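Q: So I've got this file, protein-v8.pdb, and it contains PDB, C-alpha atoms:
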```pdb
ATOM      1  CA  MET A   1      92.617 -86.912 -35.493
ATOM      2  CA  GLY A   2      96.110 -87.963 -36.377
ATOM      3  CA  GLN A   3      98.078 -85.615 -38.608
ATOM      4  CA  ARG A   4      98.435 -88.229 -41.337
ATOM      5  CA  LEU A   5      94.696 -88.707 -41.870
ATOM      6  CA  ARG A   6      93.832 -85.091 -41.178
ATOM      7  CA  SER A   7      95.625 -83.943 -44.333
ATOM      8  CA  THR A   8      94.340 -86.622 -46.670
ATOM      9  CA  LEU A   9      92.038 -84.580 -48.931
ATOM     10  CA  THR A  10      94.122 -81.434 -49.124
ATOM     11  CA  PRO A  11      95.997 -81.115 -52.428
ATOM     12  CA  ILE A  12      99.222 -83.079 -52.654
ATOM     13  CA  SER A  13     102.387 -81.874 -54.317
ATOM     14  CA  PRO A  14     101.521 -81.516 -57.982
ATOM     15  CA  SER A  15     104.064 -83.873 -59.487
ATOM     16  CA  THR A  16     103.158 -85.677 -62.664
ATOM     17  CA  CYS A  17     103.172 -89.051 -60.933
ATOM     18  CA  ALA A  18     100.982 -87.879 -58.047
ATOM     19  CA  SER A  19      98.461 -86.310 -60.424
ATOM     20  CA  SER A  20      98.213 -89.455 -62.519
ATOM     21  CA  ARG A  21      97.726 -91.600 -59.409
ATOM     22  CA  VAL A  22      94.984 -89.333 -58.077
ATOM     23  CA  ASP A  23      93.270 -89.284 -61.492
ATOM     24  CA  SER A  24      93.497 -93.063 -61.578
ATOM     25  CA  SER A  25      91.855 -93.431 -58.155
ATOM     26  CA  LEU A  26      89.074 -91.035 -59.123
ATOM     27  CA  ALA A  27      88.495 -92.866 -62.407
ATOM     28  CA  TRP A  28      88.265 -96.284 -60.805
ATOM     29  CA  SER A  29      86.069 -95.145 -57.917
ATOM     30  CA  GLY A  30      83.813 -93.229 -60.321
ATOM     31  CA  ALA A  31      83.449 -96.153 -62.740
ATOM     32  CA  ALA A  32      82.702 -98.608 -59.934
ATOM     33  CA  GLY A  33      80.139 -96.240 -58.480
ATOM     34  CA  VAL A  34      78.357 -95.833 -61.817
ATOM     35  CA  LEU A  35      78.204 -99.584 -62.475
ATOM     36  CA  VAL A  36      76.735-100.278 -59.042
ATOM     37  CA  GLY A  37      74.447 -97.273 -58.815
ATOM     38  CA  HIS A  38      73.121 -96.667 -62.332
ATOM     39  CA  PRO A  39      70.232 -99.187 -62.156
ATOM     40  CA  PHE A  40      68.966 -97.436 -59.021
ATOM     41  CA  ASP A  41      69.293 -94.086 -60.777
ATOM     42  CA  THR A  42      67.256 -95.319 -63.743
ATOM     43  CA  VAL A  43      64.497 -96.441 -61.387
ATOM     44  CA  LYS A  44      64.638 -93.087 -59.588
ATOM     45  CA  VAL A  45      64.227 -91.106 -62.804
ATOM     46  CA  ARG A  46      61.381 -93.316 -64.081
ATOM     47  CA  LEU A  47      59.481 -92.886 -60.795
ATOM     48  CA  GLN A  48      60.102 -89.134 -60.646
ATOM     49  CA  VAL A  49      58.904 -88.475 -64.170
ATOM     50  CA  GLN A  50      56.071 -90.994 -64.705
ATOM     51  CA  SER A  51      52.540 -89.665 -65.265
ATOM     52  CA  VAL A  52      50.351 -89.601 -62.165
ATOM     53  CA  ASP A  53      47.273 -90.245 -64.342
ATOM     54  CA  LYS A  54      48.671 -93.377 -65.981
ATOM     55  CA  PRO A  55      51.470 -94.645 -63.729
ATOM     56  CA  LEU A  56      53.509 -97.526 -65.087
ATOM     57  CA  TYR A  57      55.157 -98.394 -61.783
ATOM     58  CA  ARG A  58      53.724 -98.924 -58.293
ATOM     59  CA  GLY A  59      57.021 -98.475 -56.481
ATOM     60  CA  THR A  60      60.752 -99.079 -56.465
ATOM     61  CA  PHE A  61      60.788-102.881 -56.660
ATOM     62  CA  HIS A  62      57.896-103.027 -59.127
ATOM     63  CA  CYS A  63      59.821-100.598 -61.339
ATOM     64  CA  PHE A  64      62.920-102.837 -61.184
ATOM     65  CA  GLN A  65      60.861-105.891 -62.119
ATOM     66  CA  SER A  66      58.984-104.125 -64.928
ATOM     67  CA  ILE A  67      62.111-102.736 -66.577
ATOM     68  CA  ILE A  68      63.854-106.121 -66.512
ATOM     69  CA  ARG A  69      60.758-107.929 -67.820
ATOM     70  CA  GLN A  70      59.962-105.428 -70.592
ATOM     71  CA  GLU A  71      63.367-104.055 -71.568
ATOM     72  CA  SER A  72      65.767-106.738 -70.235
ATOM     73  CA  VAL A  73      68.422-106.085 -67.603
ATOM     74  CA  PHE A  74      70.124-103.710 -70.037
ATOM     75  CA  GLY A  75      67.155-101.390 -69.654
ATOM     76  CA  LEU A  76      68.460-100.564 -66.191
ATOM     77  CA  TYR A  77      71.716 -99.380 -67.772
ATOM     78  CA  LYS A  78      70.212 -97.019 -70.349
ATOM     79  CA  GLY A  79      72.160 -93.774 -70.422
ATOM     80  CA  ILE A  80      75.175 -95.167 -68.587
ATOM     81  CA  GLY A  81      77.569 -93.828 -71.236
ATOM     82  CA  SER A  82      77.026 -90.238 -70.130
ATOM     83  CA  PRO A  83      78.003 -90.617 -66.444
ATOM     84  CA  MET A  84      80.806 -93.021 -67.380
ATOM     85  CA  MET A  85      82.344 -90.311 -69.554
ATOM     86  CA  GLY A  86      81.658 -87.409 -67.209
ATOM     87  CA  LEU A  87      82.042 -88.717 -63.675
ATOM     88  CA  THR A  88      85.837 -88.964 -63.716
ATOM     89  CA  PHE A  89      86.027 -85.262 -64.619
ATOM     90  CA  ILE A  90      83.368 -84.402 -62.033
ATOM     91  CA  ASN A  91      85.179 -86.274 -59.242
ATOM     92  CA  ALA A  92      88.472 -84.643 -60.232
ATOM     93  CA  ILE A  93      86.856 -81.175 -60.181
ATOM     94  CA  VAL A  94      84.990 -81.767 -56.924
ATOM     95  CA  PHE A  95      87.886 -83.153 -54.883
ATOM     96  CA  GLY A  96      90.385 -80.780 -56.494
ATOM     97  CA  VAL A  97      88.312 -77.623 -55.950
ATOM     98  CA  GLN A  98      87.311 -78.682 -52.431
ATOM     99  CA  GLY A  99      90.920 -79.328 -51.422
ATOM    100  CA  ASN A 100      92.196 -76.059 -52.874
ATOM    101  CA  ALA A 101      89.280 -74.099 -51.412
ATOM    102  CA  MET A 102      90.110 -75.485 -47.964
ATOM    103  CA  ARG A 103      93.678 -74.372 -48.414
ATOM    104  CA  ARG A 104      92.520 -70.881 -49.421
ATOM    105  CA  LEU A 105      90.118 -70.658 -46.487
ATOM    106  CA  GLY A 106      92.988 -71.611 -44.186
ATOM    107  CA  GLU A 107      91.291 -72.818 -41.031
ATOM    108  CA  ASP A 108      89.818 -76.313 -40.978
ATOM    109  CA  THR A 109      86.314 -75.842 -39.543
ATOM    110  CA  PRO A 110      82.959 -77.467 -40.349
ATOM    111  CA  MET A 111      81.741 -74.200 -41.892
ATOM    112  CA  ASN A 112      84.773 -74.017 -44.173
ATOM    113  CA  GLN A 113      84.212 -77.642 -45.179
ATOM    114  CA  PHE A 114      80.657 -76.675 -46.158
ATOM    115  CA  LEU A 115      81.803 -73.613 -48.115
ATOM    116  CA  ALA A 116      84.557 -75.529 -49.917
ATOM    117  CA  GLY A 117      82.142 -78.317 -50.815
ATOM    118  CA  ALA A 118      79.542 -75.809 -52.031
ATOM    119  CA  ALA A 119      82.139 -74.132 -54.272
ATOM    120  CA  ALA A 120      83.108 -77.516 -55.724
ATOM    121  CA  GLY A 121      79.454 -78.403 -56.317
ATOM    122  CA  ALA A 122      78.746 -75.157 -58.132
ATOM    123  CA  ILE A 123      81.759 -75.387 -60.460
ATOM    124  CA  GLN A 124      81.148 -78.994 -61.532
ATOM    125  CA  CYS A 125      77.624 -78.102 -62.731
ATOM    126  CA  VAL A 126      79.146 -77.078 -66.062
ATOM    127  CA  ILE A 127      79.757 -80.776 -66.787
ATOM    128  CA  CYS A 128      77.055 -82.258 -64.569
ATOM    129  CA  CYS A 129      74.046 -80.551 -66.181
ATOM    130  CA  PRO A 130      74.571 -81.645 -69.833
ATOM    131  CA  MET A 131      75.701 -85.070 -68.618
ATOM    132  CA  GLU A 132      72.511 -85.587 -66.606
ATOM    133  CA  LEU A 133      70.349 -84.211 -69.418
ATOM    134  CA  ALA A 134      71.670 -86.880 -71.807
ATOM    135  CA  LYS A 135      71.407 -89.541 -69.092
ATOM    136  CA  THR A 136      67.795 -88.654 -68.308
ATOM    137  CA  ARG A 137      66.721 -88.597 -71.965
ATOM    138  CA  MET A 138      68.384 -91.969 -72.597
ATOM    139  CA  GLN A 139      66.806 -93.461 -69.468
ATOM    140  CA  MET A 140      63.340 -92.359 -70.586
ATOM    141  CA  GLN A 141      63.787 -93.706 -74.106
ATOM    142  CA  GLY A 142      61.622 -96.759 -74.755
ATOM    143  CA  THR A 143      59.874 -96.615 -71.375
ATOM    144  CA  GLY A 144      57.518 -99.559 -70.978
ATOM    145  CA  GLU A 145      58.246-100.902 -74.477
ATOM    146  CA  LYS A 146      59.511-104.340 -75.375
ATOM    147  CA  LYS A 147      63.156-104.342 -76.397
ATOM    148  CA  SER A 148      62.326-105.721 -79.845
ATOM    149  CA  SER A 149      59.749-103.019 -80.616
ATOM    150  CA  SER A 150      61.481-100.094 -78.914
ATOM    151  CA  ARG A 151      61.896 -97.017 -81.125
ATOM    152  CA  LYS A 152      65.244 -95.343 -80.589
ATOM    153  CA  VAL A 153      65.337 -91.573 -80.930
ATOM    154  CA  TYR A 154      68.946 -91.364 -79.740
ATOM    155  CA  LYS A 155      71.749 -93.798 -80.574
ATOM    156  CA  ASN A 156      73.823 -92.911 -77.513
ATOM    157  CA  SER A 157      74.517 -90.085 -75.078
ATOM    158  CA  LEU A 158      76.672 -88.064 -77.480
ATOM    159  CA  ASP A 159      74.081 -88.405 -80.230
ATOM    160  CA  CYS A 160      71.447 -87.253 -77.737
ATOM    161  CA  LEU A 161      73.360 -84.066 -76.892
ATOM    162  CA  ALA A 162      74.135 -83.425 -80.569
ATOM    163  CA  ARG A 163      70.451 -83.695 -81.541
ATOM    164  CA  ILE A 164      69.362 -81.454 -78.666
ATOM    165  CA  TYR A 165      71.983 -78.889 -79.708
ATOM    166  CA  GLN A 166      70.793 -78.966 -83.330
ATOM    167  CA  ARG A 167      67.183 -78.335 -82.286
ATOM    168  CA  GLU A 168      67.551 -76.040 -79.274
ATOM    169  CA  GLY A 169      71.108 -74.738 -79.305
ATOM    170  CA  LEU A 170      73.294 -74.210 -76.234
ATOM    171  CA  ARG A 171      70.278 -73.342 -74.108
ATOM    172  CA  GLY A 172      68.766 -76.747 -74.802
ATOM    173  CA  VAL A 173      71.979 -78.577 -73.860
ATOM    174  CA  ASN A 174      71.967 -76.714 -70.545
ATOM    175  CA  ARG A 175      68.299 -77.346 -69.780
ATOM    176  CA  GLY A 176      67.934 -77.649 -66.012
ATOM    177  CA  MET A 177      71.141 -75.735 -65.220
ATOM    178  CA  VAL A 178      69.500 -73.503 -62.585
ATOM    179  CA  THR A 179      67.949 -76.453 -60.746
ATOM    180  CA  THR A 180      71.263 -78.314 -61.005
ATOM    181  CA  LEU A 181      73.020 -75.350 -59.366
ATOM    182  CA  ILE A 182      70.359 -75.144 -56.657
ATOM    183  CA  ARG A 183      70.763 -78.854 -55.977
ATOM    184  CA  GLU A 184      74.531 -79.255 -56.264
ATOM    185  CA  THR A 185      75.767 -76.148 -54.426
ATOM    186  CA  PRO A 186      74.233 -76.857 -50.993
ATOM    187  CA  GLY A 187      74.226 -80.607 -51.685
ATOM    188  CA  PHE A 188      78.001 -80.855 -51.947
ATOM    189  CA  GLY A 189      78.360 -78.486 -49.001
ATOM    190  CA  VAL A 190      76.345 -80.906 -46.870
ATOM    191  CA  TYR A 191      78.284 -83.811 -48.430
ATOM    192  CA  PHE A 192      81.697 -82.617 -47.214
ATOM    193  CA  LEU A 193      80.338 -81.161 -43.963
ATOM    194  CA  ALA A 194      78.731 -84.486 -43.005
ATOM    195  CA  TYR A 195      81.896 -86.425 -43.894
ATOM    196  CA  ASP A 196      83.982 -84.004 -41.844
ATOM    197  CA  LEU A 197      81.731 -84.273 -38.780
ATOM    198  CA  LEU A 198      81.444 -88.064 -39.008
ATOM    199  CA  THR A 199      85.175 -88.708 -39.426
ATOM    200  CA  ARG A 200      85.858 -86.421 -36.457
ATOM    201  CA  SER A 201      83.275 -88.084 -34.226
ATOM    202  CA  LEU A 202      84.248 -91.628 -35.259
ATOM    203  CA  GLY A 203      87.947 -90.953 -34.674
ATOM    204  CA  CYS A 204      89.288 -92.277 -37.976
ATOM    205  CA  GLU A 205      92.960 -92.798 -37.146
ATOM    206  CA  PRO A 206      95.338 -94.569 -39.587
ATOM    207  CA  GLU A 207      96.334 -97.003 -36.832
ATOM    208  CA  ASP A 208      92.694 -97.865 -36.065
ATOM    209  CA  PRO A 209      91.919-101.467 -37.205
ATOM    210  CA  TYR A 210      88.338-100.338 -37.903
ATOM    211  CA  MET A 211      89.344 -97.311 -39.970
ATOM    212  CA  ILE A 212      88.063 -98.707 -43.298
ATOM    213  CA  PRO A 213      84.566 -99.602 -41.984
ATOM    214  CA  LYS A 214      84.420 -96.162 -40.367
ATOM    215  CA  LEU A 215      85.370 -94.454 -43.631
ATOM    216  CA  LEU A 216      82.774 -96.503 -45.527
ATOM    217  CA  PHE A 217      80.105 -95.592 -42.982
ATOM    218  CA  ALA A 218      81.049 -91.893 -43.028
ATOM    219  CA  GLY A 219      81.058 -91.766 -46.826
ATOM    220  CA  GLY A 220      77.749 -93.600 -47.152
ATOM    221  CA  MET A 221      75.957 -91.495 -44.561
ATOM    222  CA  SER A 222      77.386 -88.319 -46.133
ATOM    223  CA  GLY A 223      75.817 -89.320 -49.434
ATOM    224  CA  ILE A 224      72.456 -89.964 -47.785
ATOM    225  CA  ALA A 225      72.572 -86.616 -45.944
ATOM    226  CA  SER A 226      73.451 -84.806 -49.169
ATOM    227  CA  TRP A 227      70.557 -86.355 -51.120
ATOM    228  CA  LEU A 228      68.016 -85.756 -48.357
ATOM    229  CA  SER A 229      68.987 -82.078 -48.144
ATOM    230  CA  THR A 230      68.203 -81.325 -51.796
ATOM    231  CA  TYR A 231      66.007 -84.170 -53.047
ATOM    232  CA  PRO A 232      62.890 -82.063 -53.844
ATOM    233  CA  VAL A 233      65.017 -79.975 -56.213
ATOM    234  CA  ASP A 234      66.210 -83.148 -57.925
ATOM    235  CA  VAL A 235      62.602 -84.151 -58.658
ATOM    236  CA  ILE A 236      61.976 -80.811 -60.380
ATOM    237  CA  LYS A 237      65.283 -81.052 -62.264
ATOM    238  CA  SER A 238      64.446 -84.517 -63.593
ATOM    239  CA  ARG A 239      61.009 -83.366 -64.741
ATOM    240  CA  LEU A 240      62.405 -80.325 -66.526
ATOM    241  CA  GLN A 241      65.128 -82.338 -68.258
ATOM    242  CA  ALA A 242      62.694 -85.080 -69.307
ATOM    243  CA  ASP A 243      60.163 -82.502 -70.484
ATOM    244  CA  GLY A 244      59.892 -82.449 -74.269
ATOM    245  CA  VAL A 245      60.552 -86.158 -74.775
ATOM    246  CA  GLY A 246      58.152 -87.083 -77.579
ATOM    247  CA  GLY A 247      57.835 -83.450 -78.670
ATOM    248  CA  LYS A 248      55.374 -82.407 -75.932
ATOM    249  CA  TYR A 249      56.356 -79.751 -73.398
ATOM    250  CA  GLN A 250      54.464 -79.401 -70.097
ATOM    251  CA  TYR A 251      56.492 -76.855 -68.132
ATOM    252  CA  SER A 252      57.551 -73.311 -68.958
ATOM    253  CA  SER A 253      59.797 -72.689 -65.927
ATOM    254  CA  ILE A 254      60.968 -74.029 -62.567
ATOM    255  CA  MET A 255      58.080 -72.382 -60.734
ATOM    256  CA  ASP A 256      55.569 -73.651 -63.285
ATOM    257  CA  CYS A 257      56.871 -77.203 -62.890
ATOM    258  CA  THR A 258      56.798 -76.938 -59.087
ATOM    259  CA  ARG A 259      53.280 -75.484 -59.025
ATOM    260  CA  LYS A 260      51.805 -78.027 -61.452
ATOM    261  CA  SER A 261      53.504 -80.942 -59.679
ATOM    262  CA  ILE A 262      52.131 -79.927 -56.268
ATOM    263  CA  GLU A 263      48.646 -79.207 -57.643
ATOM    264  CA  ARG A 264      48.348 -82.628 -59.268
ATOM    265  CA  GLU A 265      50.227 -84.852 -56.822
ATOM    266  CA  GLY A 266      50.534 -82.963 -53.541
ATOM    267  CA  TRP A 267      53.679 -82.599 -51.475
ATOM    268  CA  ARG A 268      54.423 -86.330 -51.742
ATOM    269  CA  VAL A 269      55.645 -85.656 -55.264
ATOM    270  CA  PHE A 270      58.954 -84.580 -53.713
ATOM    271  CA  THR A 271      59.564 -88.086 -52.362
ATOM    272  CA  ARG A 272      59.110 -89.911 -55.686
ATOM    273  CA  GLY A 273      62.044 -92.261 -56.257
ATOM    274  CA  LEU A 274      63.572 -91.498 -52.854
ATOM    275  CA  THR A 275      63.853 -95.168 -51.834
ATOM    276  CA  SER A 276      65.996 -96.140 -54.826
ATOM    277  CA  THR A 277      68.065 -92.977 -54.357
ATOM    278  CA  LEU A 278      68.928 -93.829 -50.757
ATOM    279  CA  LEU A 279      69.606 -97.472 -51.641
ATOM    280  CA  ARG A 280      72.078 -96.203 -54.222
ATOM    281  CA  ALA A 281      73.531 -93.346 -52.150
ATOM    282  CA  PHE A 282      75.095 -95.375 -49.358
ATOM    283  CA  PRO A 283      77.209 -97.920 -51.296
ATOM    284  CA  VAL A 284      78.223 -95.514 -54.072
ATOM    285  CA  ASN A 285      79.355 -92.693 -51.795
ATOM    286  CA  ALA A 286      80.898 -95.075 -49.270
ATOM    287  CA  ALA A 287      83.054 -96.538 -52.039
ATOM    288  CA  THR A 288      83.931 -93.126 -53.524
ATOM    289  CA  PHE A 289      85.029 -91.417 -50.315
ATOM    290  CA  ALA A 290      86.804 -94.473 -48.908
ATOM    291  CA  THR A 291      88.677 -95.087 -52.173
ATOM    292  CA  VAL A 292      89.881 -91.509 -52.533
ATOM    293  CA  THR A 293      90.736 -91.112 -48.847
ATOM    294  CA  LEU A 294      92.653 -94.385 -48.570
ATOM    295  CA  PHE A 295      94.404 -93.892 -51.899
ATOM    296  CA  LEU A 296      95.689 -90.442 -50.966
ATOM    297  CA  LEU A 297      96.454 -91.584 -47.423
ATOM    298  CA  TYR A 298      98.783 -94.369 -48.552
ATOM    299  CA  VAL A 299     100.230 -92.676 -51.641
ATOM    300  CA  ARG A 300     101.183 -89.429 -49.985
ATOM    301  CA  PRO A 301     103.749 -90.707 -47.462
ATOM    302  CA  ASP A 302     105.601 -92.611 -50.191
ATOM    303  CA  GLU A 303     105.633 -89.664 -52.575
ATOM    304  CA  GLY A 304     109.140 -88.361 -53.058
ATOM    305  CA  PRO A 305     111.981 -87.632 -55.500
ATOM    306  CA  LYS A 306     112.879 -91.320 -55.743
ATOM    307  CA  ASP A 307     109.583 -92.106 -57.522
ATOM    308  CA  CYS A 308     108.454 -88.839 -59.014
ATOM    309  CA  GLU A 309     110.150 -85.579 -59.772
ATOM    310  CA  ALA A 310     108.019 -82.730 -58.466
ATOM    311  CA  ALA A 311     108.354 -79.166 -59.699
ATOM    312  CA  PRO A 312     110.972 -77.409 -57.476
ATOM    313  CA  HIS A 313     108.851 -74.353 -56.655
ATOM    314  CA  HIS A 314     106.054 -76.617 -55.359
ATOM    315  CA  ALA A 315     108.265 -78.679 -53.057
ATOM    316  CA  PRO A 316     107.321 -76.905 -49.778
ATOM    317  CA  LEU A 317     103.584 -77.178 -50.434
ATOM    318  CA  GLN A 318     103.054 -80.264 -48.297
ATOM    319  CA  GLN A 319     104.756 -78.743 -45.255
ATOM    320  CA  GLN A 320     102.708 -75.561 -45.627
ATOM    321  CA  ALA A 321      99.365 -77.308 -46.103
ATOM    322  CA  GLN A 322      96.699 -76.548 -43.507
ATOM    323  CA  PRO A 323      95.779 -79.814 -41.770
ATOM    324  CA  SER A 324      92.348 -81.064 -42.790
ATOM    325  CA  SER A 325      89.991 -83.191 -40.729
ATOM    326  CA  LEU A 326      89.704 -85.448 -43.758
TER     327      LEU A 326
END
```
When written as structure tokens, how does the structure in this file appear?
A:
Amino acid sequence: MGQRLRSTLTPISPSTCASSRVDSSLAWSGAAGVLVGHPFDTVKVRLQVQSVDKPLYRGTFHCFQSIIRQESVFGLYKGIGSPMMGLTFINAIVFGVQGNAMRRLGEDTPMNQFLAGAAAGAIQCVICCPMELAKTRMQMQGTGEKKSSSRKVYKNSLDCLARIYQREGLRGVNRGMVTTLIRETPGFGVYFLAYDLLTRSLGCEPEDPYMIPKLLFAGGMSGIASWLSTYPVDVIKSRLQADGVGGKYQYSSIMDCTRKSIEREGWRVFTRGLTSTLLRAFPVNAATFATVTLFLLYVRPDEGPKDCEAAPHHAPLQQQAQPSSL
């Protein structure tokens, strides 16, 4: 690939202006992704967690219809406050850690892309786990109830985390942390590996008139590959984080949840909600990767002393940066 695109996701010179522009691109791409994808995520969680003995939903589209009919269209956006607050930080951590890890690893290879992505996935779990706990609890609140008669246990995502902390302490706020680590570490490794391989094979050159469609395709397929690689773990994570809603606990550990789920529902339990997940994965990840890549691609060449004053001891960083396939 051309040198200009190959270095897109490696860290840029850390001037104040560059940092604010990168943060801005991550914020906008994250917010757009949440708005588009959250309804699909709500459906996914409802299908993953619903009782097999008394199922409320027959499938993805029936779940969409039921939520809108019973809880209004806003029912699809329950718990959106949590990812809206956390996703900007998560995107900043993920792309920042991945870029710096690639620089530390030195050589740009598919294996290093996987390792850098895995490191980024592991570190962002500190924010991701509590964020998804609050999101899951809010999404399950008022399931199947009319909006007018719905009983609210939590006012919002922050109130949800505060109440969990009061009852269960720090351990309760981090419920599902191990499964989140198991999901996110290899998941983000596959995410960046797939994007690396696809952008190489598609030949995403800055001069290519089809570069944007290629980036969108690479980003979307990377998201799908990432979800498919760890989806069974996500089912267990959702069940553990939703466990205890209503005061009743079913699972004592990850293994207990896995064993009981397989015994009652068979191996198909690990595909619950997969359709809505894949429908969400392509557009959200296509938009995220394309936004960040294009933003850094077109900001970086214009970055200079005339617009932003970079720290003097960081000035040579861009010349020294190892070229990246991204």
Q: With all atoms listed in the file as the basis for distance, which of A:Val34, A:Val73, A:Leu56, A:Ile123 is at the shortest distance from Leu87 (chain A)?
A: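 Comparing A:Val34, A:Val73, A:Leu56, A:Ile123 against Leu87 (chain A), the winner is A:Val34.
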Q: What do you get, as a PyMOL selection string, if you spell out every residue that the PyMOL selection byres ((chain A and resi 78-82) around 6) selects here?
A: chain A and resi 75-77+83-85+131+135+138-139+157
Q: Could you dump the residues just selected with C-alpha atoms as a compact mmCIF listing (two decimals), in the frame of the given file?
A:
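Output contents, as saved in selection-v6.txt:
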```
# COMPACT_ATOMS: atom_id res chain seq x y z
CA GLY A 75 67.16 -101.39 -69.65
CA LEU A 76 68.46 -100.56 -66.19
CA TYR A 77 71.72 -99.38 -67.77
CA PRO A 83 78.00 -90.62 -66.44
CA MET A 84 80.81 -93.02 -67.38
CA MET A 85 82.34 -90.31 -69.55
CA MET A 131 75.70 -85.07 -68.62
CA LYS A 135 71.41 -89.54 -69.09
CA MET A 138 68.38 -91.97 -72.60
CA GLN A 139 66.81 -93.46 -69.47
CA SER A 157 74.52 -90.08 -75.08
```
Q: Determine the residue membership of the PyMOL selection byres ((chain A and resi 154) around 10) for the file above and supply it as a PDB file with C-alpha atoms, in the coordinates of the input.
A:
```pdb
ATOM      1  CA  ALA A 134      71.670 -86.880 -71.807  1.00  0.00           C
ATOM      2  CA  ARG A 137      66.721 -88.597 -71.965  1.00  0.00           C
ATOM      3  CA  MET A 138      68.384 -91.969 -72.597  1.00  0.00           C
ATOM      4  CA  GLN A 141      63.787 -93.706 -74.106  1.00  0.00           C
ATOM      5  CA  ARG A 151      61.896 -97.017 -81.125  1.00  0.00           C
ATOM      6  CA  LYS A 152      65.244 -95.343 -80.589  1.00  0.00           C
ATOM      7  CA  VAL A 153      65.337 -91.573 -80.930  1.00  0.00           C
ATOM      8  CA  LYS A 155      71.749 -93.798 -80.574  1.00  0.00           C
ATOM      9  CA  ASN A 156      73.823 -92.911 -77.513  1.00  0.00           C
ATOM     10  CA  SER A 157      74.517 -90.085 -75.078  1.00  0.00           C
ATOM     11  CA  LEU A 158      76.672 -88.064 -77.480  1.00  0.00           C
ATOM     12  CA  ASP A 159      74.081 -88.405 -80.230  1.00  0.00           C
ATOM     13  CA  CYS A 160      71.447 -87.253 -77.737  1.00  0.00           C
ATOM     14  CA  LEU A 161      73.360 -84.066 -76.892  1.00  0.00           C
ATOM     15  CA  ALA A 162      74.135 -83.425 -80.569  1.00  0.00           C
ATOM     16  CA  ARG A 163      70.451 -83.695 -81.541  1.00  0.00           C
ATOM     17  CA  ILE A 164      69.362 -81.454 -78.666  1.00  0.00           C
TER      18      ILE A 164
END
```
Q: Enter the distance from CA of Asp208 (chain A) to CA of Asn285 (chain A), in Å, rounded to one decimal.
A: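 One can read the CA of Asp208 (chain A) to CA of Asn285 (chain A) distance as 21.3 Å.
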Q: Which one of A:Met140, A:Ile67, A:Val235, A:Ala31 sits closest to Arg268 (chain A) if you count only C-alpha atoms?
A: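 Using only C-alpha atoms, the shortest distance to Arg268 (chain A) belongs to A:Val235.
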Q: Considering only C-alpha atoms, can you say which of A:Gln50, A:Ser229, A:Thr88, A:Thr185 comes closest to Ala116 (chain A)?
A: A:Thr185
Q: Using all atoms listed in the file, pick whichever of A:Arg175, A:Leu202, A:Met111, A:Glu132 has the shortest atom-to-atom distance to Gly86 (chain A).
A: A:Glu132
Q: May I ask for the distance between CA of Ala119 (chain A) and CA of Gly223 (chain A), given in Å to one decimal place?
A: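 Interatomic distance here is 17.1 Å.
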Q: Residues proximal to (91.4, -75.0, -61.3) were defined as those with any atom within 12 Å of that point in the file's coordinates, counting all atoms listed in the file. Which are they, as JSON, numbers by chain?
A: {"A": [11, 92, 93, 94, 95, 96, 97, 98, 99, 100, 101, 119, 120, 123, 124]}
Q: Please determine, counting all atoms listed in the file, which residue among A:Cys125, A:Ile254, A:Cys204, A:Leu198 has the shortest atom-to-atom distance to Asn174 (chain A).
A: A:Cys125
Q: Using Å and a single decimal, report how far CA of Ile236 (chain A) sits from CA of Thr275 (chain A).
A: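 So the answer is 16.8 Å.
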Q: Can you work out which one of A:Ala281, A:Gly30, A:Arg183, A:Phe289 has the shortest atom-to-atom distance to Ile212 (chain A), counting only C-alpha atoms?
A: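 When distances to Ile212 (chain A) are compared using only C-alpha atoms, the smallest one comes from A:Phe289.
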